[in-house]
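Text of data_9.cif (mmCIF, N, CA and C atoms) as supplied:
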```cif
data_work
loop_
_atom_site.label_atom_id
_atom_site.label_comp_id
_atom_site.auth_asym_id
_atom_site.auth_seq_id
_atom_site.Cartn_x
_atom_site.Cartn_y
_atom_site.Cartn_z
N MET A 12 1.30 -143.82 -53.92
CA MET A 12 -0.04 -144.31 -53.61
C MET A 12 -0.45 -143.76 -52.26
N TYR A 13 -1.75 -143.51 -52.14
CA TYR A 13 -2.30 -143.02 -50.89
C TYR A 13 -3.79 -143.37 -50.85
N PRO A 14 -4.40 -143.39 -49.65
CA PRO A 14 -5.83 -143.69 -49.56
C PRO A 14 -6.66 -142.60 -50.25
N ALA A 15 -7.72 -143.01 -50.92
CA ALA A 15 -8.62 -142.04 -51.57
C ALA A 15 -9.33 -141.23 -50.50
N TYR A 16 -9.59 -139.98 -50.81
CA TYR A 16 -10.28 -139.10 -49.87
C TYR A 16 -11.79 -139.27 -49.91
N THR A 17 -12.34 -139.58 -51.08
CA THR A 17 -13.79 -139.58 -51.23
C THR A 17 -14.42 -140.95 -51.44
N ILE A 18 -13.61 -141.96 -51.73
CA ILE A 18 -14.15 -143.29 -52.00
C ILE A 18 -13.58 -144.27 -50.99
N LYS A 19 -14.45 -144.83 -50.20
CA LYS A 19 -14.03 -145.74 -49.13
C LYS A 19 -13.33 -146.98 -49.68
N ASP A 20 -12.30 -147.43 -48.98
CA ASP A 20 -11.58 -148.67 -49.29
C ASP A 20 -10.94 -148.68 -50.68
N THR A 21 -10.35 -147.56 -51.07
CA THR A 21 -9.64 -147.48 -52.34
C THR A 21 -8.29 -146.79 -52.16
N LEU A 22 -7.38 -147.11 -53.06
CA LEU A 22 -6.08 -146.45 -53.10
C LEU A 22 -5.98 -145.62 -54.37
N VAL A 23 -5.24 -144.53 -54.30
CA VAL A 23 -5.02 -143.64 -55.44
C VAL A 23 -3.58 -143.79 -55.91
N LEU A 24 -3.42 -143.93 -57.21
CA LEU A 24 -2.10 -143.95 -57.83
C LEU A 24 -2.01 -142.75 -58.76
N ARG A 25 -1.03 -141.87 -58.53
CA ARG A 25 -0.84 -140.69 -59.39
C ARG A 25 0.44 -140.87 -60.18
N LEU A 26 0.34 -140.71 -61.49
CA LEU A 26 1.49 -140.86 -62.37
C LEU A 26 1.77 -139.53 -63.07
N SER A 27 3.03 -139.20 -63.18
CA SER A 27 3.44 -137.98 -63.85
C SER A 27 4.16 -138.34 -65.15
N ASN A 28 3.81 -137.64 -66.22
CA ASN A 28 4.46 -137.84 -67.52
C ASN A 28 5.16 -136.54 -67.90
N MET A 29 6.46 -136.50 -67.76
CA MET A 29 7.22 -135.29 -68.05
C MET A 29 7.87 -135.35 -69.44
N THR A 30 7.32 -136.19 -70.32
CA THR A 30 7.84 -136.30 -71.68
C THR A 30 6.90 -135.58 -72.65
N ASP A 31 7.29 -135.51 -73.91
CA ASP A 31 6.45 -134.86 -74.92
C ASP A 31 5.57 -135.86 -75.68
N LYS A 32 5.44 -137.08 -75.15
CA LYS A 32 4.61 -138.11 -75.78
C LYS A 32 3.66 -138.71 -74.75
N ALA A 33 2.45 -139.05 -75.18
CA ALA A 33 1.49 -139.73 -74.31
C ALA A 33 2.02 -141.11 -73.94
N ILE A 34 1.73 -141.55 -72.74
CA ILE A 34 2.16 -142.87 -72.27
C ILE A 34 0.94 -143.74 -72.03
N ASN A 35 0.90 -144.88 -72.71
CA ASN A 35 -0.19 -145.83 -72.56
C ASN A 35 -0.02 -146.58 -71.25
N VAL A 36 -1.07 -146.59 -70.44
CA VAL A 36 -1.03 -147.31 -69.16
C VAL A 36 -2.21 -148.29 -69.06
N SER A 37 -2.59 -148.89 -70.19
CA SER A 37 -3.73 -149.81 -70.21
C SER A 37 -3.52 -151.03 -69.32
N ASP A 38 -2.27 -151.34 -68.97
CA ASP A 38 -2.01 -152.44 -68.04
C ASP A 38 -2.69 -152.19 -66.70
N LEU A 39 -2.84 -150.93 -66.34
CA LEU A 39 -3.50 -150.62 -65.06
C LEU A 39 -4.95 -151.09 -65.06
N LYS A 40 -5.64 -150.94 -66.19
CA LYS A 40 -7.03 -151.38 -66.30
C LYS A 40 -7.12 -152.88 -66.07
N GLU A 41 -6.18 -153.61 -66.66
CA GLU A 41 -6.16 -155.06 -66.52
C GLU A 41 -5.87 -155.49 -65.08
N ASN A 42 -5.28 -154.59 -64.30
CA ASN A 42 -4.96 -154.89 -62.90
C ASN A 42 -5.94 -154.27 -61.92
N GLY A 43 -7.12 -153.86 -62.42
CA GLY A 43 -8.19 -153.42 -61.53
C GLY A 43 -8.23 -151.94 -61.20
N TYR A 44 -7.46 -151.12 -61.91
CA TYR A 44 -7.48 -149.67 -61.66
C TYR A 44 -8.52 -149.01 -62.56
N PHE A 45 -9.13 -147.95 -62.04
CA PHE A 45 -10.05 -147.12 -62.80
C PHE A 45 -9.43 -145.75 -62.97
N LYS A 46 -9.53 -145.20 -64.17
CA LYS A 46 -9.01 -143.85 -64.40
C LYS A 46 -9.99 -142.84 -63.82
N THR A 47 -9.46 -141.85 -63.12
CA THR A 47 -10.30 -140.80 -62.53
C THR A 47 -9.69 -139.44 -62.82
N ASN A 48 -10.46 -138.41 -62.51
CA ASN A 48 -9.89 -137.07 -62.55
C ASN A 48 -9.33 -136.76 -61.16
N ALA A 49 -8.82 -135.57 -60.96
CA ALA A 49 -8.21 -135.22 -59.68
C ALA A 49 -9.22 -135.20 -58.53
N LEU A 50 -10.51 -135.12 -58.84
CA LEU A 50 -11.56 -135.14 -57.81
C LEU A 50 -12.04 -136.56 -57.52
N GLU A 51 -11.36 -137.55 -58.09
CA GLU A 51 -11.68 -138.97 -57.91
C GLU A 51 -13.03 -139.35 -58.52
N GLU A 52 -13.39 -138.67 -59.60
CA GLU A 52 -14.58 -139.00 -60.37
C GLU A 52 -14.13 -139.84 -61.57
N VAL A 53 -14.85 -140.91 -61.88
CA VAL A 53 -14.45 -141.82 -62.96
C VAL A 53 -14.36 -141.06 -64.28
N ASP A 54 -13.28 -141.32 -65.00
CA ASP A 54 -12.99 -140.71 -66.30
C ASP A 54 -12.96 -141.84 -67.31
N ARG A 55 -13.82 -141.80 -68.30
CA ARG A 55 -13.94 -142.90 -69.26
C ARG A 55 -13.04 -142.73 -70.48
N SER A 56 -12.10 -141.81 -70.45
CA SER A 56 -11.20 -141.63 -71.58
C SER A 56 -10.15 -142.74 -71.61
N GLU A 57 -9.29 -142.69 -72.60
CA GLU A 57 -8.25 -143.71 -72.78
C GLU A 57 -7.35 -143.82 -71.55
N TYR A 58 -6.83 -145.00 -71.34
CA TYR A 58 -5.88 -145.22 -70.24
C TYR A 58 -4.49 -144.79 -70.72
N GLU A 59 -4.28 -143.49 -70.68
CA GLU A 59 -2.97 -142.93 -71.02
C GLU A 59 -2.77 -141.66 -70.21
N VAL A 60 -1.51 -141.29 -70.08
CA VAL A 60 -1.16 -140.05 -69.41
C VAL A 60 -0.62 -139.12 -70.49
N SER A 61 -1.28 -137.99 -70.65
CA SER A 61 -0.92 -137.03 -71.69
C SER A 61 0.46 -136.43 -71.44
N PRO A 62 1.07 -135.89 -72.49
CA PRO A 62 2.38 -135.25 -72.33
C PRO A 62 2.33 -134.12 -71.30
N TYR A 63 3.36 -134.04 -70.49
CA TYR A 63 3.50 -132.98 -69.48
C TYR A 63 2.26 -132.89 -68.59
N SER A 64 1.76 -134.04 -68.17
CA SER A 64 0.52 -134.09 -67.40
C SER A 64 0.61 -135.14 -66.30
N MET A 65 -0.47 -135.23 -65.53
CA MET A 65 -0.58 -136.23 -64.47
C MET A 65 -1.79 -137.12 -64.77
N GLY A 66 -1.72 -138.36 -64.34
CA GLY A 66 -2.85 -139.28 -64.44
C GLY A 66 -3.19 -139.78 -63.06
N THR A 67 -4.49 -139.90 -62.79
CA THR A 67 -4.96 -140.37 -61.49
C THR A 67 -5.76 -141.65 -61.70
N PHE A 68 -5.43 -142.67 -60.92
CA PHE A 68 -6.07 -143.97 -61.04
C PHE A 68 -6.41 -144.47 -59.64
N ILE A 69 -7.53 -145.17 -59.50
CA ILE A 69 -7.92 -145.71 -58.21
C ILE A 69 -8.13 -147.22 -58.31
N LYS A 70 -7.94 -147.88 -57.18
CA LYS A 70 -8.13 -149.33 -57.11
C LYS A 70 -8.80 -149.66 -55.80
N LYS A 71 -9.84 -150.48 -55.88
CA LYS A 71 -10.53 -150.92 -54.66
C LYS A 71 -9.67 -151.91 -53.92
N LEU A 72 -9.66 -151.79 -52.59
CA LEU A 72 -8.97 -152.75 -51.75
C LEU A 72 -9.85 -153.97 -51.57
N ASN A 73 -9.26 -155.12 -51.43
CA ASN A 73 -10.04 -156.36 -51.24
C ASN A 73 -10.49 -156.49 -49.82
#
```
Here is the file; what I need is its structure written in the form of structure tokens.
Amino acid sequence: MYPAYTIKDTLVLRLSNMTDKAINVSDLKENGYFKTNALEEVDRSEYEVSPYSMGTFIKKLN
């Protein structure tokens, strides 16, 4: 986790999936995370990390 570069008062969580299967991370949505692309723009696709890929999620600080 690290502070977001472009969105004030948010943290970035980057997850790596080095398997050959998609990983569902919908629990992150329930915990206040938003899925984004690497540029920290909101991504409205499913909350999963594709095989051999990275997922980027942001959460606003209280």
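Interatomic distance, atom N of Thr17 (chain A) to atom C of Gly66 (chain A): 15.1 Å.
Protein and nucleic acid residues near (0.5, -134.7, -71.5) are Ser27, Asn28, Met29, Thr30, Asp31, Lys32, Ala33, Ile34, Glu59, Val60, Ser61, Pro62, Tyr63, Ser64 and Met65 of chain A, the criterion being any atom at most 9 Å away using only C-alpha atoms.
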(request) Could you state which residues are captured by the PyMOL selection byres ((chain A and resi 73) around 8) in this file, as a PyMOL selection string? (result) chain A and resi 20-21+70-72
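Proximity of A:Phe68, A:Asp54, A:Arg25, A:Ala15 to Asn42 (chain A), computed with only C-alpha atoms, is greatest for A:Phe68.
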(request) One decimal, Å: what's the distance from CA of Lys19 (chain A) over to atom C of Asn35 (chain A), could you say? (result) 26.2 Å
(request) Can you work out the spacing between atom N of Glu41 (chain A) and atom N of Tyr58 (chain A) in Å, to one decimal? (result) 9.8 Å
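Restricting the calculation to only N, CA and C atoms, the smallest distance between Glu51 (chain A) and any of A:Thr67, A:Met12, A:Leu26, A:Val36 is found for A:Thr67.
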